[in-house]
Each structure stands twice: as structure tokens, then as C-alpha cells.
Amino acid sequence: MHIGELAERAGMSLRTIRHYDEVGLLVPSGRTTGGFRVYTIGDLERLLVIRRMKPLGFTLDEMAELLRVVDALATADPEGRTALAARLDGYLDDARARHAKLVERAGMAEEFIGTLGTLRASLP
């Protein structure tokens with residue numbers, strides 16, 4: 001698929017996808033003879049991993065490291081898989097902690113909205 005279709009399917013901007021290409025997070029699987037980027041379903045899945053990490057506040061370097069772990073899992077021997085699984089566990093723990101913080105912040109936002117709603121309801 002071309003970058004426009006990828007962007008639409010991932011719900012992301014062309015600019016963001018191009019940036020991820022520039023920093024090496026999402027390199028297109030190929031190019032047309034005219035030089036246009038071509039992406040696969042695997043590229044889309046990779047982009048969705050990146051998209052899911054972003055709201056949790058992972059840096060580009062952290063995203064790149066996780067993607068290296070995921071990529072290495074496909075070809076690792078049993079000993080290597082054990083080490084990679086441990087690194088993946090670290091990301092899982094970190095993601096859970098970041099999620100918990102987001103849930104807490106969302107609760108605070110709901111309280112604030114309730115306070116504003118109560119204040120507004122007391123006015124004509």
C-alpha cells in the first residue's frame with residue numbers, strides 16, 4: 001500500500017509516518033519505480049505498535065529498542081529468546097505502570113468535569 005492508505009488505515013498523518021521513516025522506526029518495505037514508498041501489512045502492524053506506545057509517553061529511542069526486541073524474537077535461538085523475553089517483560093511492566101498513571105489522570109479529569117458541571121448547574 002502507498003503511504004496515504006497506510007496513514008488512513010493507521011489513523012495517522014503522512015507527516016508523522018515520514019518522520020518515523022526519517023528516524024528509522026518505520027522504513028518502507030519497498031519503493032515503486034517512481035520512488036514512492038510502499039508498505040506491507042507487516043509495516044502497518046509495526047506502525048500500530050508505535051502508535052500505541054506514543055500515548056504512554058515512550059520516547060523514540062524506547063520505541064526503537066522495543067521494535068529491535070520484537071524483530072530479534074523472530075530469529076533468536078532459545079537462549080536469545082529468553083533474554084529478549086526478559087527485555088519484553090520490562091517493557092510490559094513499564095507500559096502497565098504508564099497506563100495506571102493515565103487512568104489516574106483520567107479520573108482526575110472526570111472529577112474536574114464533574115466540579116465544573118456542578119458549578120454550571122448552579123447558575124441560571
# chains A, B, ... in the order shown; residues from 1 in each chain; ligands from 1
$ closest_atom_pairs --of "segment 10-40 of chain A" --to "segment 62-80 of chain A" --cutoff "12 Å" --atoms "only C-alpha atoms" --output "Markdown table"
| residue | atom | partner | partner_atom | distance |
| --- | --- | --- | --- | --- |
| A:Tyr20 | CA | A:Ala64 | CA | 10.0 |
| A:Asp21 | CA | A:Ala64 | CA | 11.6 |
| A:Val23 | CA | A:Ala64 | CA | 9.2 |
| A:Gly24 | CA | A:Ala64 | CA | 7.9 |
| A:Leu25 | CA | A:Ala64 | CA | 5.9 |
| A:Leu26 | CA | A:Ala64 | CA | 9.3 |
| A:Val27 | CA | A:Ala64 | CA | 11.8 |
$ select_by_dssp --residues "chain A" --states "strand (DSSP E or B)" --output "list in words"
Gly30, Arg31, Arg37 and Val38 of chain A
$ residues_around --residues "Arg31 of chain A" --least-positions-apart "3" --cutoff "12 Å" --atoms "only C-alpha atoms" --output "PyMOL selection string"
chain A and resi 1-3+27-28+34-40
$ closest_residue --among "A:Thr32, A:Leu48, A:Gly42, A:Ala85" --to "Ala7 of chain A" --atoms "only C-alpha atoms"
A:Leu48
$ select_by_dssp --residues "chain A" --states "helix (DSSP H, G or I)" --output "PyMOL selection string"
chain A and resi 3-10+14-22+41-56+60-73+78-121
$ atom_distance --atom1 "atom CA of Leu14 of chain A" --atom2 "atom CA of Arg51 of chain A"
13.3 Å
